[in-house]
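Structure, as structure tokens:
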Amino acid sequence: MSIYDTLNEQQKKGVFTAQGPVLILAGAGSGKTRVLTHRIAYLIDELGVNGWNIMAITFTNKAAGEMKERVADIVGMGSESIWVTTFHSTCVRILRRYGDRLGYDNNFTIYDSDDQKTVIKDICKRLQIDTKTLKERSILSAISSAKDELISPEEFGLNAIGDYRKQRIAQAYKEYQAALKKSNAMDFDDLIMNTVELFKTDKEVLEGYQKRFKYIMVDEYQDTNTAQFELIRLLADAHHNLCVVGDDDQSIYKFRGANIRNILDFEKVYPEAEVIRLEQNYRSTQNVLDAANGVIRNNKGRKRKTLWTDKGEGNLIHFRQFDNAYEEAEFVAGDVARKKRKGQADYGDCAVLFRTNAQARLLEERFVVEGIPYNVVGGTNFYARREIKDLLAYLKTIDNGRDDLAVKRIINVPKRGIGAATIAKVQDYADMHEISFYDALRQADAIASIGKSTAKLKPFVNMIQAFRSKLEFYGLEDLIKDIIETTGYVEELEAADDEEAGSRIENIDELISKIVAFEEIRDHPSLGEFLEEVALVADIDNVENGNNKVLLMTLHSAKGLEFSHVYLTGMEDGIFPSYMTIASDDPDEIEEERRLAYVGITRAREDLTLCYAKMRMIRGETQMNAISRFVKEIPTELMDNRVPAPKHCPADMTIPINEPSGQPYKARPVATLMPKRTAAENKPFIAGGGIGSLSAAGISKGIGAVTGGKPDYDIGDRVKHVKYGEGTVTDLEPGPRDYKVTVDFDDAGQKIMYAAFAKLVKF
DNA sequence: TAGTTGGGTTTTTTT
DNA sequence: AACCCAACTA
């Protein structure tokens with residue numbers, strides 16, 4: 001009996017074909033992760049390959065972490081040394097080591113989309129680009145696409161000849177790259193493009209990595225872009241032991257540069273490639289699969305694939321129609337509650353999917369009312385929130401003084417009376433002497449034009465310098481608390497005392513928790529590493545399994561996940577497929593949208609519910625939409641089709657799909673149905689959240705973040721802290737928003753902390 | 001310099 | 001509906 005016995009023939013072929021290029025076309029739910037993990041096990045245990053020589057690339061940190069775990073479970077020794085990471089982390093790791101060969105400092109900063117926007121705005125001003133006709137957003141997306149295709153600013157300029165608009169973008173692109181380099185910063189796309197550049201210009205580096213990575217595997221291959229493919233191609237060039245796994249039907253990231261040709265043309269690039277199809281689905285019932293197949297068969301130009309399962313037919317697909325989005329949300333939350341009550345499903349078995357993040361709002365409110373624990377994945381990234389970005393900017397300034405953006409962000413936050421005029425003068429001085437903004441600040445005395453304001457700049461510089469020198473002696477937790485204390489950041493928020501301030505403070509507490517957690521996990525936690533980790537996390541990465549909450553997320557976020565019970569909401573033409581793709585003359589766009597529907601449907605193991613709302617408020621406008629064409633592509637015999645019965649009717653009523661207006665169900669006026677609740681009114685209902693909560697600010701902050709209550713320990717009690725170990729409580733006093741507890745730890749000495757996130761356990 | 005207000009804009013998806 | 005920005009006022 002070996003671990004490979006449970007694999008089917010095709011899966012075995014995928015595992016045992018270790019040499020040469022391999023393309024595994026893996027339908028949804030066909031066990032591709034099992035193939036990858038067993039393949040790694042086979043390489044190590046049977047072929048004696050050193051884990052050091054294996055690289056597996058995934059798209060999210062979450063997927064990477066899970067793969068690492070599963071490999072460790074089945075491989076005896078040597079799984080620790082395998083590189084299992086995302087494209088972006090891989091590139092950062094390489095560039096941290098060799099970035100200097102491209103003219104960057106190895107402690108470069110990673111810019112997020114917010115930072116990019118700030119940079120491009122400034123450039124548009126300088127180049128006098130009229131942002132009415134040429135939007136910053138379009139410029140950035142043009143730059144991003146160029147980088148995905150490995151097109152340099154120079155090349156972009158050459159292609160732009162004769163096209164004024166393109167020429168302007170080319171200028172902006174050039175300026176943008178210069179600005180980033182000057183700030184010692186890279187954006188997401190640079191990480192990939194620069195690594196490719198490094199490999200192409202530096203044989204020594206490339207050969208080093210080629211020698212190391214004898215076996216390379218790429219997951220979600222259909223979502224790779226041209227630059228990522230080139231990166232992989234270069235790495236695999238010495239050994240050709242490249243195994244890619246993907247499903248062209250699940251390619252949903254074209255807007256991010258994913259090049260579907262990578263998968264469709266794999267055999268052209270590697271004519272000797274072995275192609276393996278995984279067509280047995282182990283996830284869903286026949287009905288779910290038939291529904292998925294019914295939709296996806298309307299796409300042209302896909303690789304032939306027929307998914308089958310030996311599971312039974314299972315439940316019919318439920319199709320539910322509502323008058324408006326409030327009723328839809330009411331139904332979904334109610335249905336989850338009903339299933340829970342009847343023991344048909346637990347919260348953690350359910351997921352609610354939608355096309356756009358904005359749709360989460362109503363659903364969330366309804367889940368709060370019902371008291372159902374849930375998590376919203378995505379929306380505004382935790383690290384993109386203002387207060388978090390502010391504090392991170394302090395950390396970045398301390399870590400990399402060349403990051404002008406970070407310095408400018410915080411120089412007057414909290415208010416120090418340093419205004420735009422002063423900043424402009426400092427910048428002029430910096431430009432003149434070709435030094436960074438921060439270095440210019442340090443020489444403020446020499447800037448004649450500033451005058452009195454010099455007195456305001458000096459304390460700022462001194463403060464940053466002090467943080468830097470103190471960092472030699474204390475850890476990141478002490479640093480962030482010192483920053484908050486010294487700058488009075490939280491104090492200012494407390495003074496503001498509005499509703500938002502409360503949730504901002506909670507977010508800051510959560511940031512501190514994340515820093516504490518980071519320091520616990522790492523052996524030698526450094527500031528740079530923390531900032532790097534933070535820059536590369538995706539929302540989905542923080543979703544914990546096993547805390548039994550309903551997950552609310554976009555269809556995109558749901559890729560790669562599976563749930564027993566899935567709700568697809570907003571099944572309306574104009575929402576899904578989105579209006580943009582319907583209006584587009586490019587038929588490929590609607591096909592990508594259809595693939596998204598395919599992804600959504602195939603997330604379900606047993607039970608799939610599609611929801612339609614006749615009316616929906618979009619950007620302040622009430623829209624009426626037809627039933628999604630994707631619903632109509634599902635064979636009708638697979639569906640039950642009902643509108644919920646009005647209160648006085650005994651049973652649900654069945655009506656034909658094509659005549660939603662035929663229903664006898666009159667809604668009460670929308671306004672009285674579900675009056676909009678303010679955040680304050682929502683507070684008593686708090687249900688979701690918890691540490692690591694990804695929910696929209698304010699609505700579902702967590703159990704662990706509840707502040708103000710008196711802890712269950714007192715002065716003199718012995719307590720245990722997750723990091724500092726055991727100690728004695730020496731002081732406990734009520735602070736402005738939480739108890740401040742002082743503990744004399746046996747090993748770590750005396751610490752003062754807020755009770756809510758100290759999480760001390762009395763014993 | 002800081003805070004307010006009114007007007008204009010909004011890609012849908014994200015590493 | 002919500003956000004962002006520019007212009008205006010204190």
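Residue numbers start at 1 in each chain; chains themselves are named A, B, ... in the order of the structure tokens; ligands are numbered from 1 in the order shown.
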
message: Distance cut-off 9 Å, counting only C-alpha atoms (C1' of nucleotides) - which residues of chain A neighbour chain C? Return them as a ChimeraX atom specification.
response: /A:617-621

Store the residues picked out above, limited to C-alpha atoms, as a tab-separated table (two decimals), in the first residue's frame.
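Final file, out03.tsv:
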chain	number	residue	atom	x	y	z
A	617	MET	CA	-29.48	50.16	-6.17
A	618	ILE	CA	-26.21	50.79	-7.96
A	619	ARG	CA	-24.25	53.93	-7.20
A	620	GLY	CA	-27.32	55.68	-5.93
A	621	GLU	CA	-29.41	54.69	-8.89

Write out, as a tab-separated table, each residue of chain B that has an atom at most 12 Å from chain A, together with the closest pair of atoms and their distance in Å to one decimal, counting only C-alpha atoms (C1' of nucleotides), rows going by chain and rising number.
residue	atom	partner	partner_atom	distance
B:DT1	C1'	A:Gly419	CA	6.1
B:DA2	C1'	A:Gly417	CA	8.9
B:DG8	C1'	A:Lys132	CA	11.0
B:DT9	C1'	A:Lys132	CA	10.5
B:DT10	C1'	A:Arg619	CA	8.1
B:DT11	C1'	A:Met580	CA	7.9
B:DT12	C1'	A:Thr356	CA	5.8
B:DT13	C1'	A:His556	CA	6.2
B:DT14	C1'	A:Arg256	CA	7.3
B:DT15	C1'	A:His88	CA	7.1

Please dump the current selection as a tab-separated table (two decimals), in the first residue's frame; keep C-alpha atoms (C1' of nucleotides).
chain	number	residue	atom	x	y	z
B	1	DT	C1'	-2.26	76.47	7.55
B	2	DA	C1'	-6.62	73.97	8.49
B	8	DG	C1'	-17.81	66.10	-10.19
B	9	DT	C1'	-16.83	61.22	-10.84
B	10	DT	C1'	-17.41	56.56	-10.55
B	11	DT	C1'	-13.62	49.93	-14.37
B	12	DT	C1'	-16.04	45.02	-11.86
B	13	DT	C1'	-12.68	41.71	-10.79
B	14	DT	C1'	-6.59	41.96	-7.75
B	15	DT	C1'	-1.18	39.74	-6.90

task: Could you please write out, as a PyMOL selection string, every residue of range 304-439 of chain A that DSSP assigns to strand (DSSP E)?
output: chain A and resi 317-324+350-354+374-376

Take the residues from that selection and put them in a file with all heavy atoms, as a short mmCIF file (atom, residue, chain, number, x, y, z; two decimals), in the first residue's frame.
data_model
loop_
_atom_site.label_atom_id
_atom_site.label_comp_id
_atom_site.auth_asym_id
_atom_site.auth_seq_id
_atom_site.Cartn_x
_atom_site.Cartn_y
_atom_site.Cartn_z
N ILE A 317 -30.51 22.55 -8.62
CA ILE A 317 -29.98 23.90 -8.41
C ILE A 317 -31.18 24.78 -8.04
O ILE A 317 -32.20 24.75 -8.71
CB ILE A 317 -29.36 24.44 -9.71
CG1 ILE A 317 -28.45 23.42 -10.37
CG2 ILE A 317 -28.66 25.76 -9.45
CD1 ILE A 317 -27.27 23.00 -9.58
N HIS A 318 -31.05 25.52 -6.96
CA HIS A 318 -32.16 26.39 -6.58
C HIS A 318 -32.03 27.73 -7.28
O HIS A 318 -30.95 28.31 -7.31
CB HIS A 318 -32.17 26.61 -5.07
CG HIS A 318 -31.95 25.35 -4.29
ND1 HIS A 318 -32.84 24.30 -4.34
CD2 HIS A 318 -30.93 24.94 -3.51
CE1 HIS A 318 -32.39 23.32 -3.58
NE2 HIS A 318 -31.22 23.67 -3.07
N PHE A 319 -33.15 28.19 -7.83
CA PHE A 319 -33.15 29.53 -8.41
C PHE A 319 -34.23 30.34 -7.72
O PHE A 319 -35.40 29.94 -7.69
CB PHE A 319 -33.40 29.47 -9.92
CG PHE A 319 -33.44 30.82 -10.55
CD1 PHE A 319 -32.38 31.71 -10.39
CD2 PHE A 319 -34.54 31.23 -11.30
CE1 PHE A 319 -32.41 32.97 -10.96
CE2 PHE A 319 -34.57 32.49 -11.89
CZ PHE A 319 -33.51 33.35 -11.71
N ARG A 320 -33.84 31.45 -7.12
CA ARG A 320 -34.79 32.25 -6.33
C ARG A 320 -34.84 33.67 -6.86
O ARG A 320 -33.79 34.28 -7.10
CB ARG A 320 -34.35 32.28 -4.86
CG ARG A 320 -34.31 30.90 -4.20
CD ARG A 320 -35.72 30.34 -4.00
NE ARG A 320 -35.70 29.02 -3.40
CZ ARG A 320 -35.74 27.88 -4.10
NH1 ARG A 320 -35.79 27.90 -5.43
NH2 ARG A 320 -35.72 26.72 -3.49
N GLN A 321 -36.06 34.18 -7.03
CA GLN A 321 -36.21 35.53 -7.56
C GLN A 321 -36.81 36.46 -6.51
O GLN A 321 -37.68 36.07 -5.75
CB GLN A 321 -37.14 35.50 -8.77
CG GLN A 321 -36.63 34.56 -9.86
CD GLN A 321 -37.57 34.52 -11.04
OE1 GLN A 321 -38.09 35.56 -11.46
NE2 GLN A 321 -37.79 33.34 -11.57
N PHE A 322 -36.32 37.67 -6.52
CA PHE A 322 -36.79 38.65 -5.53
C PHE A 322 -37.06 39.99 -6.20
O PHE A 322 -36.56 40.26 -7.29
CB PHE A 322 -35.74 38.81 -4.42
CG PHE A 322 -35.34 37.50 -3.83
CD1 PHE A 322 -34.21 36.83 -4.30
CD2 PHE A 322 -36.10 36.90 -2.85
CE1 PHE A 322 -33.85 35.60 -3.79
CE2 PHE A 322 -35.75 35.68 -2.33
CZ PHE A 322 -34.63 35.02 -2.79
N ASP A 323 -37.83 40.80 -5.50
CA ASP A 323 -38.15 42.10 -6.05
C ASP A 323 -36.98 43.08 -5.94
O ASP A 323 -36.83 43.98 -6.74
CB ASP A 323 -39.38 42.70 -5.34
CG ASP A 323 -40.65 42.17 -5.97
OD1 ASP A 323 -40.55 41.54 -7.04
OD2 ASP A 323 -41.74 42.37 -5.41
N ASN A 324 -36.19 42.89 -4.90
CA ASN A 324 -35.07 43.81 -4.73
C ASN A 324 -33.97 43.15 -3.92
O ASN A 324 -34.13 42.05 -3.40
CB ASN A 324 -35.54 45.09 -4.02
CG ASN A 324 -36.23 44.76 -2.71
OD1 ASN A 324 -35.62 44.19 -1.82
ND2 ASN A 324 -37.51 45.09 -2.62
N CYS A 350 -20.93 27.27 4.33
CA CYS A 350 -21.64 28.14 3.39
C CYS A 350 -20.77 29.29 2.90
O CYS A 350 -19.97 29.85 3.64
CB CYS A 350 -22.88 28.73 4.05
SG CYS A 350 -24.00 27.48 4.71
N ALA A 351 -20.96 29.63 1.64
CA ALA A 351 -20.29 30.81 1.07
C ALA A 351 -21.29 31.57 0.23
O ALA A 351 -22.12 30.98 -0.46
CB ALA A 351 -19.10 30.39 0.22
N VAL A 352 -21.22 32.88 0.31
CA VAL A 352 -22.07 33.73 -0.52
C VAL A 352 -21.16 34.49 -1.47
O VAL A 352 -20.25 35.19 -1.04
CB VAL A 352 -22.87 34.73 0.35
CG1 VAL A 352 -23.83 35.52 -0.52
CG2 VAL A 352 -23.60 34.00 1.46
N LEU A 353 -21.40 34.31 -2.76
CA LEU A 353 -20.52 34.91 -3.76
C LEU A 353 -21.27 35.99 -4.55
O LEU A 353 -22.47 35.90 -4.75
CB LEU A 353 -20.00 33.85 -4.71
CG LEU A 353 -19.40 32.60 -4.07
CD1 LEU A 353 -18.86 31.66 -5.14
CD2 LEU A 353 -18.31 32.96 -3.08
N PHE A 354 -20.52 37.00 -4.98
CA PHE A 354 -21.11 38.08 -5.77
C PHE A 354 -20.07 38.63 -6.72
O PHE A 354 -18.88 38.36 -6.59
CB PHE A 354 -21.65 39.18 -4.84
CG PHE A 354 -20.81 39.37 -3.61
CD1 PHE A 354 -19.61 40.05 -3.67
CD2 PHE A 354 -21.20 38.84 -2.39
CE1 PHE A 354 -18.83 40.22 -2.54
CE2 PHE A 354 -20.41 39.01 -1.24
CZ PHE A 354 -19.23 39.70 -1.32
N TYR A 374 -19.94 35.67 10.31
CA TYR A 374 -19.53 35.72 8.90
C TYR A 374 -18.22 36.48 8.79
O TYR A 374 -17.82 37.18 9.72
CB TYR A 374 -20.59 36.44 8.07
CG TYR A 374 -20.66 37.90 8.39
CD1 TYR A 374 -19.91 38.83 7.66
CD2 TYR A 374 -21.40 38.35 9.47
CE1 TYR A 374 -19.93 40.17 7.99
CE2 TYR A 374 -21.42 39.68 9.82
CZ TYR A 374 -20.68 40.59 9.07
OH TYR A 374 -20.68 41.91 9.43
N ASN A 375 -17.57 36.34 7.66
CA ASN A 375 -16.40 37.16 7.32
C ASN A 375 -16.57 37.66 5.91
O ASN A 375 -16.98 36.90 5.03
CB ASN A 375 -15.12 36.33 7.39
CG ASN A 375 -14.34 36.57 8.67
OD1 ASN A 375 -13.49 35.78 9.02
ND2 ASN A 375 -14.63 37.66 9.35
N VAL A 376 -16.27 38.91 5.70
CA VAL A 376 -16.23 39.43 4.34
C VAL A 376 -14.78 39.42 3.89
O VAL A 376 -13.92 39.99 4.56
CB VAL A 376 -16.78 40.86 4.25
CG1 VAL A 376 -16.73 41.35 2.82
CG2 VAL A 376 -18.21 40.91 4.77
#

Alpha helix (DSSP H) positions in range 39-127 of chain A, given as a count of residues only: 43

- prompt: Quick one: residues within 12 Å of Met193 in chain A, only C-alpha atoms (C1' of nucleotides) counted, chain neighbours fewer than 2 positions away excluded, as a ChimeraX atom specification?
  reply: /A:87-88,91-92,95,102,143-152,186-191,195-200,225-231
